[in-house]
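Peer 1: My structure is stored as target31.txt, with compact mmCIF, C-alpha atoms.
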```txt
# COMPACT_ATOMS: atom_id res chain seq x y z
CA MET A 1 176.81 123.64 34.39
CA MET A 2 178.56 120.73 35.97
CA ASN A 3 177.09 117.30 35.26
CA LYS A 4 178.80 114.17 36.60
CA ILE A 5 176.03 111.77 35.67
CA VAL A 6 177.21 109.07 33.26
CA ALA A 7 174.97 107.10 30.92
CA SER A 8 175.92 103.51 31.67
CA ALA A 9 177.70 101.26 34.14
CA ALA A 10 180.10 100.21 31.38
CA GLN A 11 181.00 103.84 30.72
CA ALA A 12 181.40 104.51 34.46
CA VAL A 13 184.16 101.90 34.88
CA ALA A 14 185.60 101.84 31.34
CA ASP A 15 189.00 103.36 32.17
CA ILE A 16 189.90 101.31 35.26
CA PRO A 17 193.23 99.72 34.24
CA ASP A 18 194.85 96.44 35.20
CA GLY A 19 196.72 96.82 38.49
CA ALA A 20 194.49 99.61 39.82
CA THR A 21 193.74 100.06 43.50
CA VAL A 22 189.96 100.14 43.90
CA LEU A 23 188.05 101.03 47.07
CA VAL A 24 184.70 99.25 47.44
CA SER A 25 182.10 100.58 49.88
CA GLY A 26 179.75 98.46 51.95
CA PHE A 27 179.30 96.61 55.18
CA GLY A 28 178.09 93.24 54.02
CA LEU A 29 175.50 93.94 51.35
CA SER A 30 174.54 97.31 52.82
CA GLY A 31 176.16 99.99 50.68
CA GLN A 32 177.89 97.51 48.35
CA PRO A 33 177.93 98.91 44.77
CA VAL A 34 176.94 95.62 43.15
CA ASP A 35 176.10 97.07 39.73
CA LEU A 36 179.45 98.87 39.44
CA LEU A 37 181.27 95.70 40.53
CA ASP A 38 179.37 93.68 37.91
CA ALA A 39 180.37 96.24 35.29
CA LEU A 40 183.99 95.96 36.40
CA ALA A 41 183.78 92.17 36.07
CA GLU A 42 182.47 92.59 32.51
CA GLN A 43 185.14 95.19 31.73
CA GLY A 44 187.85 92.68 32.58
CA ALA A 45 190.50 94.64 34.55
CA ARG A 46 192.90 92.30 36.37
CA ASP A 47 195.54 92.34 39.11
CA LEU A 48 193.39 94.66 41.17
CA THR A 49 194.10 95.66 44.75
CA VAL A 50 190.69 95.94 46.39
CA VAL A 51 190.06 97.70 49.68
CA CYS A 52 186.75 96.67 51.24
CA ASN A 53 185.59 95.90 54.77
CA ASN A 54 184.37 92.44 53.70
CA SER A 55 184.95 90.11 50.76
CA GLY A 56 181.53 90.00 49.12
CA SER A 57 178.96 87.26 49.43
CA GLY A 58 177.71 84.44 47.27
CA ASP A 59 178.78 84.90 43.66
CA ALA A 60 177.77 88.52 43.20
CA GLY A 61 179.63 91.81 43.37
CA LEU A 62 183.08 91.57 44.94
CA ALA A 63 182.77 87.80 45.45
CA ARG A 64 182.31 87.44 41.68
CA LEU A 65 185.43 89.52 40.95
CA ILE A 66 187.41 87.30 43.33
CA ARG A 67 185.94 84.13 41.81
CA LEU A 68 187.01 85.39 38.37
CA GLY A 69 190.58 85.80 39.63
CA ARG A 70 190.67 89.56 39.02
CA VAL A 71 191.72 90.52 42.55
CA ARG A 72 195.42 90.12 43.33
CA LYS A 73 195.18 91.56 46.84
CA LEU A 74 192.39 92.28 49.29
CA ILE A 75 192.77 94.77 52.13
CA ALA A 76 189.93 94.16 54.58
CA SER A 77 189.01 93.90 58.25
CA TYR A 78 186.51 91.04 58.18
CA PRO A 79 186.54 88.97 54.99
CA ARG A 80 184.69 86.07 56.60
CA GLY A 81 180.96 85.54 56.75
CA ALA A 82 178.14 83.20 55.97
CA GLU A 83 178.67 83.56 52.21
CA SER A 84 182.36 84.45 51.87
CA GLN A 85 183.34 81.18 50.16
CA ALA A 86 184.77 82.87 47.06
CA PHE A 87 187.43 84.66 49.14
CA GLU A 88 188.05 81.75 51.50
CA ASP A 89 188.63 79.37 48.58
CA ALA A 90 190.99 81.82 46.84
CA TYR A 91 192.90 82.46 50.08
CA ALA A 92 193.24 78.79 51.01
CA ALA A 93 194.53 78.08 47.49
CA GLY A 94 197.06 80.93 47.70
CA ARG A 95 195.46 82.74 44.74
CA ILE A 96 194.96 86.05 46.60
CA ASP A 97 197.05 88.18 48.96
CA TYR A 98 195.31 89.50 52.03
CA GLU A 99 196.15 92.33 54.44
CA CYS A 100 194.06 92.33 57.60
CA VAL A 101 193.47 95.84 58.99
CA PRO A 102 191.46 96.69 62.11
CA GLN A 103 188.17 98.18 60.94
CA GLY A 104 188.62 101.57 62.56
CA THR A 105 192.17 101.79 61.28
CA LEU A 106 190.91 100.98 57.79
CA ALA A 107 188.37 103.79 58.01
CA GLU A 108 190.89 106.27 59.39
CA ARG A 109 193.57 105.37 56.83
CA LEU A 110 191.04 106.23 54.12
CA ARG A 111 190.06 109.44 55.85
CA ALA A 112 193.72 110.40 56.28
CA ALA A 113 194.34 109.93 52.55
CA GLY A 114 191.30 112.04 51.69
CA ALA A 115 192.36 114.73 54.13
CA GLY A 116 195.92 114.90 52.81
CA LEU A 117 197.51 113.56 55.98
CA GLY A 118 200.64 111.43 56.16
CA GLY A 119 199.08 108.89 58.49
CA PHE A 120 198.43 108.81 62.22
CA PHE A 121 199.25 107.08 65.50
CA THR A 122 196.51 104.88 66.95
CA PRO A 123 196.41 102.73 70.10
CA THR A 124 194.46 100.13 68.12
CA GLY A 125 196.48 96.97 67.60
CA TYR A 126 199.44 98.06 69.71
CA GLY A 127 201.31 95.00 70.96
CA THR A 128 199.50 92.63 68.58
CA LEU A 129 200.61 90.75 65.47
CA LEU A 130 198.92 93.41 63.33
CA ALA A 131 201.42 95.99 64.59
CA GLU A 132 204.49 93.90 63.78
CA GLY A 133 207.09 95.83 61.83
CA LYS A 134 205.28 99.14 62.30
CA GLU A 135 206.65 102.24 63.97
CA THR A 136 205.39 102.70 67.53
CA ARG A 137 205.38 105.57 69.99
CA LEU A 138 204.35 106.09 73.60
CA ILE A 139 201.96 109.02 73.77
CA ASP A 140 200.95 110.06 77.30
CA GLY A 141 202.10 106.65 78.45
CA VAL A 142 199.93 104.73 75.98
CA GLY A 143 201.43 102.65 73.18
CA HIS A 144 200.44 103.76 69.69
CA VAL A 145 201.06 102.33 66.22
CA TYR A 146 201.79 104.42 63.14
CA GLU A 147 199.40 103.73 60.26
CA LYS A 148 199.73 105.01 56.70
CA PRO A 149 197.03 106.54 54.56
CA ILE A 150 195.36 104.39 51.90
CA ARG A 151 195.14 106.33 48.65
CA ALA A 152 193.43 104.81 45.66
CA ASP A 153 192.97 105.34 41.95
CA TYR A 154 189.27 104.56 42.04
CA ALA A 155 186.41 104.11 44.48
CA LEU A 156 183.19 102.25 43.72
CA VAL A 157 180.54 103.50 46.11
CA LYS A 158 176.79 103.12 46.62
CA ALA A 159 174.76 106.08 47.84
CA TYR A 160 171.07 106.95 47.88
CA ARG A 161 170.61 110.24 46.05
CA ALA A 162 172.88 112.48 44.02
CA ASP A 163 172.54 115.73 42.11
CA PRO A 164 174.49 116.57 38.91
CA PHE A 165 177.25 118.20 41.02
CA GLY A 166 177.86 114.85 42.72
CA ASN A 167 176.54 115.91 46.10
CA LEU A 168 175.48 112.74 47.93
CA VAL A 169 173.03 111.56 50.52
CA TYR A 170 173.23 107.98 51.76
CA ARG A 171 170.54 105.63 52.98
CA LYS A 172 170.64 104.66 56.68
CA ALA A 173 173.69 102.53 57.60
CA GLY A 174 174.44 102.09 53.89
CA ARG A 175 176.60 105.18 54.40
CA ASN A 176 179.38 103.21 56.19
CA PHE A 177 182.64 103.59 54.20
CA GLY A 178 181.15 105.62 51.32
CA PRO A 179 182.10 109.16 52.42
CA LEU A 180 185.66 108.07 53.30
CA MET A 181 186.22 106.18 50.06
CA CYS A 182 184.97 109.09 47.94
CA MET A 183 187.58 111.30 49.67
CA ALA A 184 190.43 108.81 49.40
CA SER A 185 190.24 108.14 45.65
CA ALA A 186 191.28 110.13 42.61
CA THR A 187 188.14 109.00 40.81
CA ALA A 188 185.08 108.21 42.91
CA ILE A 189 182.32 106.47 40.96
CA VAL A 190 179.00 106.38 42.77
CA GLN A 191 175.86 104.42 41.98
CA VAL A 192 172.70 105.99 43.39
CA HIS A 193 169.07 104.97 43.62
CA ALA A 194 167.96 108.39 42.46
CA CYS A 195 169.44 111.31 40.55
CA VAL A 196 167.78 114.57 41.47
CA GLU A 197 167.80 118.09 40.05
CA VAL A 198 170.29 120.73 41.15
CA ASP A 199 169.11 122.24 44.46
CA ALA A 200 166.79 119.29 45.20
CA LEU A 201 169.14 118.21 47.99
CA ASP A 202 169.09 120.36 51.09
CA PRO A 203 172.66 121.78 51.26
CA GLU A 204 172.62 121.32 55.04
CA GLN A 205 171.87 117.61 54.65
CA VAL A 206 174.51 116.77 52.04
CA VAL A 207 176.81 114.10 53.49
CA THR A 208 179.44 113.92 50.75
CA PRO A 209 180.02 117.23 48.93
CA GLY A 210 180.42 116.88 45.18
CA ILE A 211 184.10 117.83 45.19
CA PHE A 212 184.83 114.27 46.34
CA VAL A 213 182.78 112.66 43.54
CA GLN A 214 183.74 112.35 39.87
CA ARG A 215 181.03 110.14 38.33
CA VAL A 216 177.45 109.32 39.21
CA LEU A 217 175.46 106.40 37.81
CA HIS A 218 171.71 106.06 38.22
CA VAL A 219 170.77 102.50 39.24
CA PRO A 220 167.32 102.12 40.81
CA ASP A 221 167.55 99.86 43.85
CA PRO A 222 165.14 96.90 43.57
CA TYR A 223 164.57 97.00 47.33
CA LEU A 224 163.34 100.57 47.00
CA ALA A 225 160.93 99.97 44.12
CA GLY A 226 158.12 102.51 44.45
CA ASP A 227 160.32 104.86 46.52
CA ARG A 228 160.63 108.07 44.52
CA ALA A 229 163.47 109.24 46.80
CA MET B 1 180.75 64.68 81.43
CA THR B 2 177.56 66.67 81.15
CA LEU B 3 177.65 69.83 83.23
CA PRO B 4 174.69 72.04 84.08
CA ARG B 5 175.00 74.96 81.67
CA TYR B 6 173.40 78.25 80.81
CA SER B 7 171.97 78.43 77.28
CA ARG B 8 173.29 80.96 74.75
CA ALA B 9 170.15 83.03 75.34
CA ASP B 10 170.79 82.91 79.10
CA ILE B 11 174.32 84.21 78.55
CA ALA B 12 173.06 87.13 76.45
CA ARG B 13 170.27 87.89 78.92
CA ARG B 14 172.66 87.93 81.91
CA ALA B 15 175.06 90.23 80.08
CA ALA B 16 172.23 92.59 79.06
CA ALA B 17 170.84 92.76 82.60
CA ASP B 18 174.14 94.09 83.97
CA ILE B 19 174.24 97.19 81.73
CA PRO B 20 173.05 100.22 83.72
CA ALA B 21 170.56 102.78 82.43
CA GLY B 22 172.14 105.65 80.55
CA SER B 23 174.89 103.50 79.04
CA TYR B 24 176.15 103.53 75.46
CA VAL B 25 177.02 99.94 74.58
CA ASN B 26 178.47 98.26 71.49
CA LEU B 27 177.48 94.71 70.54
CA GLY B 28 179.86 92.44 68.64
CA ILE B 29 179.30 89.39 66.45
CA GLY B 30 178.12 86.15 68.10
CA MET B 31 176.27 86.03 71.40
CA PRO B 32 176.69 89.78 72.04
CA VAL B 33 174.25 90.80 69.28
CA MET B 34 171.66 88.53 70.98
CA ALA B 35 171.70 90.85 74.02
CA LEU B 36 169.67 93.38 72.00
CA ASP B 37 166.56 91.24 72.52
CA TYR B 38 166.67 91.77 76.29
CA TRP B 39 166.43 95.56 76.47
CA THR B 40 163.29 97.66 76.25
CA PRO B 41 163.21 101.45 75.74
CA GLU B 42 162.55 101.79 79.49
CA ASP B 43 166.00 100.34 80.20
CA GLY B 44 167.59 103.51 78.84
CA VAL B 45 170.44 101.70 77.07
CA VAL B 46 171.65 103.12 73.73
CA VAL B 47 173.13 100.44 71.50
CA HIS B 48 175.95 101.23 69.07
CA SER B 49 176.73 99.14 66.02
CA GLU B 50 180.08 99.48 64.25
CA ASN B 51 178.44 99.91 60.84
CA GLY B 52 177.31 103.39 61.80
CA ILE B 53 174.20 103.16 63.94
CA LEU B 54 173.35 104.49 67.40
CA GLY B 55 169.99 103.49 68.84
CA LEU B 56 169.64 99.93 67.58
CA ARG B 57 166.60 98.01 68.78
CA ALA B 58 165.38 94.49 68.10
CA ARG B 59 163.21 94.06 65.00
CA THR B 60 159.53 93.22 65.48
CA GLU B 61 157.15 91.55 63.02
CA ALA B 62 155.98 95.04 62.04
CA ASP B 63 159.45 96.20 60.96
CA PRO B 64 160.63 95.65 57.37
CA LEU B 65 163.72 93.53 56.61
CA ASP B 66 165.70 96.64 55.73
CA PRO B 67 169.08 95.84 54.12
CA ASP B 68 170.49 99.11 55.44
CA ILE B 69 169.70 98.52 59.12
CA THR B 70 171.77 95.59 60.32
CA ASN B 71 173.83 94.70 63.36
CA ALA B 72 177.55 93.82 63.31
CA ALA B 73 176.64 90.28 62.24
CA LYS B 74 174.68 91.66 59.24
CA GLN B 75 171.38 90.52 60.76
CA HIS B 76 168.31 92.71 60.35
CA VAL B 77 167.49 94.99 63.26
CA ALA B 78 165.59 98.30 63.61
CA LEU B 79 166.27 101.86 64.68
CA GLY B 80 164.80 103.02 67.98
CA ALA B 81 163.71 106.49 69.08
CA GLY B 82 166.54 109.01 69.05
CA GLY B 83 168.68 106.92 66.73
CA SER B 84 171.22 108.17 64.22
CA TYR B 85 173.43 107.07 61.32
CA PHE B 86 177.03 108.10 60.66
CA HIS B 87 180.03 107.04 58.60
CA HIS B 88 182.70 104.58 59.65
CA ALA B 89 185.32 107.11 60.77
CA ASP B 90 182.82 108.63 63.20
CA SER B 91 181.66 105.19 64.30
CA PHE B 92 185.19 104.18 65.23
CA ALA B 93 185.94 107.58 66.78
CA MET B 94 183.15 106.68 69.20
CA MET B 95 185.10 103.54 70.11
CA ARG B 96 188.70 104.73 70.13
CA GLY B 97 187.79 108.12 71.55
CA GLY B 98 186.48 106.59 74.77
CA HIS B 99 182.83 107.50 74.23
CA LEU B 100 181.35 104.02 74.71
CA ASP B 101 180.63 102.85 78.24
CA TYR B 102 180.61 99.14 77.43
CA CYS B 103 181.37 96.74 74.65
CA LEU B 104 180.18 93.16 74.57
CA LEU B 105 182.49 90.90 72.57
CA GLY B 106 182.78 87.25 71.65
CA ALA B 107 186.09 85.48 72.23
CA TYR B 108 188.18 82.39 71.62
CA GLN B 109 190.14 82.80 74.87
CA VAL B 110 190.46 85.16 77.84
CA SER B 111 193.30 85.03 80.36
CA GLU B 112 193.16 85.56 84.12
CA THR B 113 194.76 88.99 83.60
CA GLY B 114 192.13 90.02 81.05
CA ASP B 115 194.08 89.36 77.86
CA LEU B 116 191.69 88.74 74.96
CA ALA B 117 192.12 86.51 71.90
CA ASN B 118 189.22 86.71 69.47
CA TRP B 119 190.51 87.36 65.94
CA SER B 120 192.99 84.65 64.89
CA LEU B 121 193.06 80.88 65.31
CA GLY B 122 196.65 80.95 64.08
CA GLN B 123 195.88 78.45 61.30
CA PRO B 124 197.64 78.80 57.93
CA GLY B 125 195.22 79.03 55.01
CA LEU B 126 192.44 80.36 57.25
CA ALA B 127 192.12 84.13 56.82
CA VAL B 128 192.03 86.11 60.04
CA ALA B 129 189.16 88.53 60.64
CA VAL B 130 189.65 91.26 63.22
CA GLY B 131 186.69 93.52 62.42
CA GLY B 132 186.31 96.19 65.07
CA ALA B 133 187.57 94.18 68.03
CA MET B 134 190.96 95.85 68.42
CA ASP B 135 189.41 99.32 68.23
CA LEU B 136 186.79 98.41 70.83
CA VAL B 137 189.16 96.99 73.42
CA VAL B 138 191.37 100.09 73.43
CA GLY B 139 188.43 102.49 73.61
CA ALA B 140 185.40 101.16 75.46
CA LYS B 141 185.40 101.98 79.17
CA ARG B 142 184.49 98.40 80.08
CA VAL B 143 184.90 95.23 78.03
CA HIS B 144 182.60 92.29 78.71
CA VAL B 145 183.16 88.98 76.94
CA LEU B 146 180.42 86.46 76.15
CA MET B 147 181.72 83.02 75.19
CA GLU B 148 181.45 79.31 75.74
CA HIS B 149 183.56 78.20 78.70
CA THR B 150 185.25 75.36 76.80
CA THR B 151 185.96 74.42 73.19
CA ARG B 152 184.05 71.61 71.51
CA ASP B 153 186.74 69.17 72.62
CA GLY B 154 186.57 70.36 76.23
CA ARG B 155 189.59 72.68 76.36
CA SER B 156 189.19 75.67 78.67
CA ARG B 157 188.78 79.07 76.98
CA VAL B 158 189.37 80.75 80.37
CA ARG B 159 193.12 80.47 80.71
CA ARG B 160 196.15 81.42 82.77
CA ARG B 161 197.61 82.70 79.50
CA CYS B 162 196.10 82.87 76.04
CA ASP B 163 197.95 80.73 73.52
CA LEU B 164 196.25 82.34 70.51
CA PRO B 165 197.32 85.75 69.09
CA LEU B 166 196.02 88.57 71.28
CA THR B 167 193.42 91.16 70.35
CA GLY B 168 194.45 93.23 73.35
CA ALA B 169 196.32 92.81 76.63
CA ALA B 170 194.69 93.25 80.05
CA CYS B 171 191.52 94.67 78.51
CA VAL B 172 188.67 92.38 79.65
CA ASP B 173 186.71 93.29 82.77
CA ARG B 174 184.10 90.51 82.94
CA ILE B 175 183.45 87.13 81.32
CA TYR B 176 180.01 85.55 80.85
CA THR B 177 180.10 81.86 79.93
CA ASP B 178 177.69 78.93 79.86
CA LEU B 179 179.11 77.88 83.25
CA ALA B 180 179.73 81.09 85.17
CA THR B 181 180.21 84.85 85.36
CA LEU B 182 183.78 85.84 86.21
CA ASP B 183 185.31 89.21 87.03
CA VAL B 184 188.91 89.93 86.09
CA THR B 185 190.47 91.41 89.24
CA PRO B 186 194.04 92.30 90.23
CA ALA B 187 193.99 89.14 92.37
CA GLY B 188 192.84 86.94 89.48
CA LEU B 189 189.46 85.63 88.39
CA LEU B 190 186.56 86.04 90.78
CA VAL B 191 183.47 83.87 90.21
CA ARG B 192 180.31 85.96 90.71
CA ASP B 193 177.70 83.52 89.48
CA MET B 194 177.50 79.86 88.46
CA ALA B 195 175.07 77.76 86.42
CA PRO B 196 172.50 76.31 88.84
CA GLY B 197 173.58 72.85 90.03
CA LEU B 198 177.23 73.31 89.03
CA THR B 199 179.82 72.56 91.75
CA ARG B 200 182.97 74.56 92.43
CA GLN B 201 184.99 71.44 91.74
CA ALA B 202 183.39 70.93 88.33
CA LEU B 203 183.82 74.61 87.41
CA GLN B 204 187.49 74.59 88.37
CA ALA B 205 188.03 71.34 86.47
CA ALA B 206 186.66 73.06 83.34
CA THR B 207 188.86 76.15 83.87
CA ASP B 208 192.59 76.43 83.17
CA ALA B 209 193.03 79.49 85.42
CA PRO B 210 192.64 79.31 89.23
CA LEU B 211 189.35 80.65 90.56
CA ARG B 212 188.26 82.54 93.65
CA TYR B 213 184.63 82.90 94.68
CA ALA B 214 182.60 85.96 95.58
CA GLU B 215 180.88 86.07 98.97
CA GLU B 216 177.45 85.67 97.42
CA LEU B 217 178.50 82.15 96.33
CA ALA B 218 179.33 81.04 99.90
CA HIS B 219 176.44 78.55 99.76
CA VAL B 220 177.78 76.73 96.67
CA ASP B 221 180.07 73.77 97.24
```
Let me see the structure of the file written as structure tokens.

Peer 2:
Amino acid sequence: MMNKIVASAAQAVADIPDGATVLVSGFGLSGQPVDLLDALAEQGARDLTVVCNNSGSGDAGLARLIRLGRVRKLIASYPRGAESQAFEDAYAAGRIDYECVPQGTLAERLRAAGAGLGGFFTPTGYGTLLAEGKETRLIDGVGHVYEKPIRADYALVKAYRADPFGNLVYRKAGRNFGPLMCMASATAIVQVHACVEVDALDPEQVVTPGIFVQRVLHVPDPYLAGDRA
Amino acid sequence: MTLPRYSRADIARRAAADIPAGSYVNLGIGMPVMALDYWTPEDGVVVHSENGILGLRARTEADPLDPDITNAAKQHVALGAGGSYFHHADSFAMMRGGHLDYCLLGAYQVSETGDLANWSLGQPGLAVAVGGAMDLVVGAKRVHVLMEHTTRDGRSRVRRRCDLPLTGAACVDRIYTDLATLDVTPAGLLVRDMAPGLTRQALQAATDAPLRYAEELAHVD
């Protein structure tokens, strides 16, 4: 029977090569796969292109990868925040490339990749600097901008519960980019608070079906200590 | 010159009070997320947050500091009755698809024709951060801006034309500031409300764009 559960964080990220494109879930700290990001920092891959809504906070997770100089380019919608100094320092010093993408366009570009689409036209950003150089079209009299899919080699995602088939349930708004990033990557690696037996998840409640997930890592969430999920 | 001003809380409260029952409303980073504190369940307003929540309510002492229930500014909030969670593509379909009745946004500048600038200060070395603003302004049925009327050095944020990069053109319907409430109309900006004690002359002096006044302000000099 299928079993996607891996034994360690190091094993989960071992094959991510230099130059890989890596999707990172999360909205701020909610849904950020900190343990997988720490494992990637230890593993040492460089010249990464990271796609994430934000840029990490403090010196943990994505902020640590940026601080270590492992990220060549960040594709994000809102890399600023109370604790985004690692990115802001790297950007001001010219040590990191940055592509700003409207948040809904970022989500839809991921979804398009996962759904096998060649992109889409969106009214978002039409007439702004973020549409410069992009194909445009008037649709029913409204200006639209063509946006390409974002496909990736890997996704690092945090979910709540998984079964051995890789079926996922998320926790509250920690879901955010997770389902889209699992779809958009060739190898989706998911850290979950709880691994459960086959058939322990209600099939009608599964949010990400296992076909979109390649590896599952069990990492109990300190915030949920005592929660048996 | 010290002008009579509304506080930040006053701005959020005024903006919240104008949202009718039955509305779906998105709250952006800055003063907009403060509006959440001024609705009760009886107001019948359903609050959307871009990170995948419908039915946000303000956190009380009894609610845990849950890392997975935050507003757009990543501050802890709570989920009210009838709430739901969803992924980012659905969250932004709600915006772009025209399903939200209102969005409340912060801004750097708004023009007299409703152009909005709120994502880029145009400064090299300072990363821009657009978040969900461009999706909201193309999709929400009405766009209300909450901002300070002037910059720290006294420059008007309410302008004939924005000189910062635009988030969207002709998209703002109403502006709430610490000095006034202004409607964007085909004939220009219409002042609906002013900070108590503020004169028309002082308000105009603090505003780059020309102002007209609603009838209910006939008593204010």

Peer 1: Please provide the set of residues having any atom within 12 Å of Glu132 (chain A), restricted to only C-alpha atoms, with same-chain residues fewer than 5 positions apart removed, written as a compact mmCIF listing (two decimals) with C-alpha atoms, in the coordinates of the input.

Peer 2:
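Result went into out-v9.txt, see below:
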```
# COMPACT_ATOMS: atom_id res chain seq x y z
CA GLY A 125 196.48 96.97 67.60
CA TYR A 126 199.44 98.06 69.71
CA GLY A 127 201.31 95.00 70.96
CA VAL A 145 201.06 102.33 66.22
CA TYR A 146 201.79 104.42 63.14
CA GLU A 147 199.40 103.73 60.26
```

Peer 1: If you count only C-alpha atoms, which residues fall within 9 Å of Ser120 (chain B), apart from same-chain ones fewer than 6 positions away, as a PDB file with C-alpha atoms, keeping the file's coordinate frame?

Peer 2:
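The new file part_20.pdb reads:
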```pdb
ATOM      1  CA  TYR B 108     188.180  82.390  71.620  1.00  0.00           C
ATOM      2  CA  LEU B 126     192.440  80.360  57.250  1.00  0.00           C
ATOM      3  CA  ALA B 127     192.120  84.130  56.820  1.00  0.00           C
ATOM      4  CA  VAL B 128     192.030  86.110  60.040  1.00  0.00           C
ATOM      5  CA  ALA B 129     189.160  88.530  60.640  1.00  0.00           C
ATOM      6  CA  VAL B 130     189.650  91.260  63.220  1.00  0.00           C
ATOM      7  CA  LEU B 164     196.250  82.340  70.510  1.00  0.00           C
ATOM      8  CA  PRO B 165     197.320  85.750  69.090  1.00  0.00           C
ATOM      9  CA  LEU B 166     196.020  88.570  71.280  1.00  0.00           C
ATOM     10  CA  THR B 167     193.420  91.160  70.350  1.00  0.00           C
TER      11      THR B 167
END
```

Peer 1: Step by step: start from the point (188.0, 89.9, 49.5) in the file's coordinates, keep every protein, DNA or RNA residue that has an atom no farther than 8 Å from it, count all atoms listed in the file, and write the set as a PyMOL selection string.

Peer 2: chain A and resi 50+52+54-56+62-63+66+71+73-76+79+87+98

Peer 1: Which is closer to chain A than all the others in B:Ala89, B:Ala15, B:Ala117, B:Ala187, using only C-alpha atoms?

Peer 2: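 Looking at the shortest contact to chain A, the residue is B:Ala89.
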
Peer 1: With a cut-off of 8 Å, could you pull out the residues of chain B touching chain A and give me the nearest pair of atoms for each, distance in Å to one decimal, using all atoms listed in the file, ordered by chain and ascending number, as CSV?

Peer 2:
```
residue,atom,partner,partner_atom,distance
B:Asn51,CA,A:Asn176,CA,5.8
B:Gly52,CA,A:Ala173,CA,5.6
B:Ile53,CA,A:Ala173,CA,6.4
B:Pro67,CA,A:Ser30,CA,5.8
B:Asp68,CA,A:Ser30,CA,5.1
B:Ile69,CA,A:Ala173,CA,5.9
B:Thr70,CA,A:Ala173,CA,7.7
B:Lys74,CA,A:Gly28,CA,6.4
B:Tyr85,CA,A:Ala173,CA,5.9
B:Phe86,CA,A:Arg175,CA,6.9
B:His87,CA,A:Asn176,CA,4.6
B:His88,CA,A:Asn176,CA,5.0
B:Ala89,CA,A:Ala107,CA,5.3
B:Phe92,CA,A:Gly104,CA,5.1
B:Ala93,CA,A:Gly104,CA,7.8
B:Arg96,CA,A:Thr124,CA,7.6
B:Gly125,CA,A:Ala92,CA,4.5
B:Leu126,CA,A:Ala92,CA,6.5
B:Ala127,CA,A:Tyr91,CA,7.0
B:Val128,CA,A:Cys100,CA,7.0
B:Ala129,CA,A:Tyr78,CA,4.4
B:Val130,CA,A:Ser77,CA,5.7
B:Gly131,CA,A:Ser77,CA,4.8
B:Gly132,CA,A:Gln103,CA,4.9
B:Ala133,CA,A:Pro102,CA,7.5
B:Met134,CA,A:Thr124,CA,5.5
B:Asp135,CA,A:Thr124,CA,5.1
B:Val138,CA,A:Thr124,CA,6.1
B:Pro165,CA,A:Leu129,CA,7.0
B:Leu166,CA,A:Thr128,CA,6.0
B:Thr167,CA,A:Thr128,CA,6.5
B:Gly168,CA,A:Thr128,CA,7.0
B:Ala169,CA,A:Gly127,CA,7.9
```

Peer 1: Could you give me, as a short mmCIF file (atom, residue, chain, number, x, y, z; two decimals) with C-alpha atoms, keeping the file's coordinate frame, the residues within 12 Å of His218 (chain A), counting all atoms listed in the file and dropping anything in the same chain fewer than 4 positions from it?

Peer 2:
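Final file, part08.cif:
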```cif
data_model
loop_
_atom_site.label_atom_id
_atom_site.label_comp_id
_atom_site.auth_asym_id
_atom_site.auth_seq_id
_atom_site.Cartn_x
_atom_site.Cartn_y
_atom_site.Cartn_z
CA LYS A 4 178.80 114.17 36.60
CA ILE A 5 176.03 111.77 35.67
CA VAL A 6 177.21 109.07 33.26
CA ALA A 7 174.97 107.10 30.92
CA SER A 8 175.92 103.51 31.67
CA ALA A 9 177.70 101.26 34.14
CA ALA A 12 181.40 104.51 34.46
CA PRO A 33 177.93 98.91 44.77
CA ASP A 35 176.10 97.07 39.73
CA LEU A 36 179.45 98.87 39.44
CA LYS A 158 176.79 103.12 46.62
CA ALA A 159 174.76 106.08 47.84
CA TYR A 160 171.07 106.95 47.88
CA ARG A 161 170.61 110.24 46.05
CA ALA A 162 172.88 112.48 44.02
CA ASP A 163 172.54 115.73 42.11
CA PRO A 164 174.49 116.57 38.91
CA GLY A 166 177.86 114.85 42.72
CA ILE A 189 182.32 106.47 40.96
CA VAL A 190 179.00 106.38 42.77
CA GLN A 191 175.86 104.42 41.98
CA VAL A 192 172.70 105.99 43.39
CA HIS A 193 169.07 104.97 43.62
CA ALA A 194 167.96 108.39 42.46
CA CYS A 195 169.44 111.31 40.55
CA VAL A 196 167.78 114.57 41.47
#
```

Peer 1: Rounded to one decimal place, report the CA of Ala195 (chain B)-CA of Arg159 (chain B) distance in Å.

Peer 2: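 According to the coordinates, CA of Ala195 (chain B) and CA of Arg159 (chain B) are separated by 19.1 Å.
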
Peer 1: Find the residue from A:Arg67, A:Gln11, A:Val34, A:Thr187 that sits nearest to Pro222 (chain A); use all atoms listed in the file when measuring.

Peer 2: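 Result for the nearest residue to Pro222 (chain A): A:Val34.
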
Peer 1: Mind giving me the straight-line distance from CA of Asp153 (chain A) to CA of Ser25 (chain A) in Å, one decimal?

Peer 2: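 Straight-line distance from CA of Asp153 (chain A) to CA of Ser25 (chain A) works out to 14.3 Å.
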
Peer 1: Please determine, counting all atoms listed in the file, which residue among A:Glu83, A:Asp140, A:Glu42, A:Asp47 has the shortest atom-to-atom distance to Asp97 (chain A).

Peer 2: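 Among the listed residues, the smallest separation from Asp97 (chain A) belongs to A:Asp47.
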
Peer 1: Env of Ala218 (chain B): 12 Å cut, atoms = all atoms listed in the file, seq-sep filter 4 positions within chain, self excluded. Answer as a ChimeraX atom specification.

Peer 2: /B:191-194,199-200,212-214

Peer 1: At a cut-off of 10 Å, using all atoms listed in the file, what residues contact Ser111 (chain B)? Leave out same-chain residues fewer than 6 positions from it and give the result as a count of residues only.

Peer 2: 17
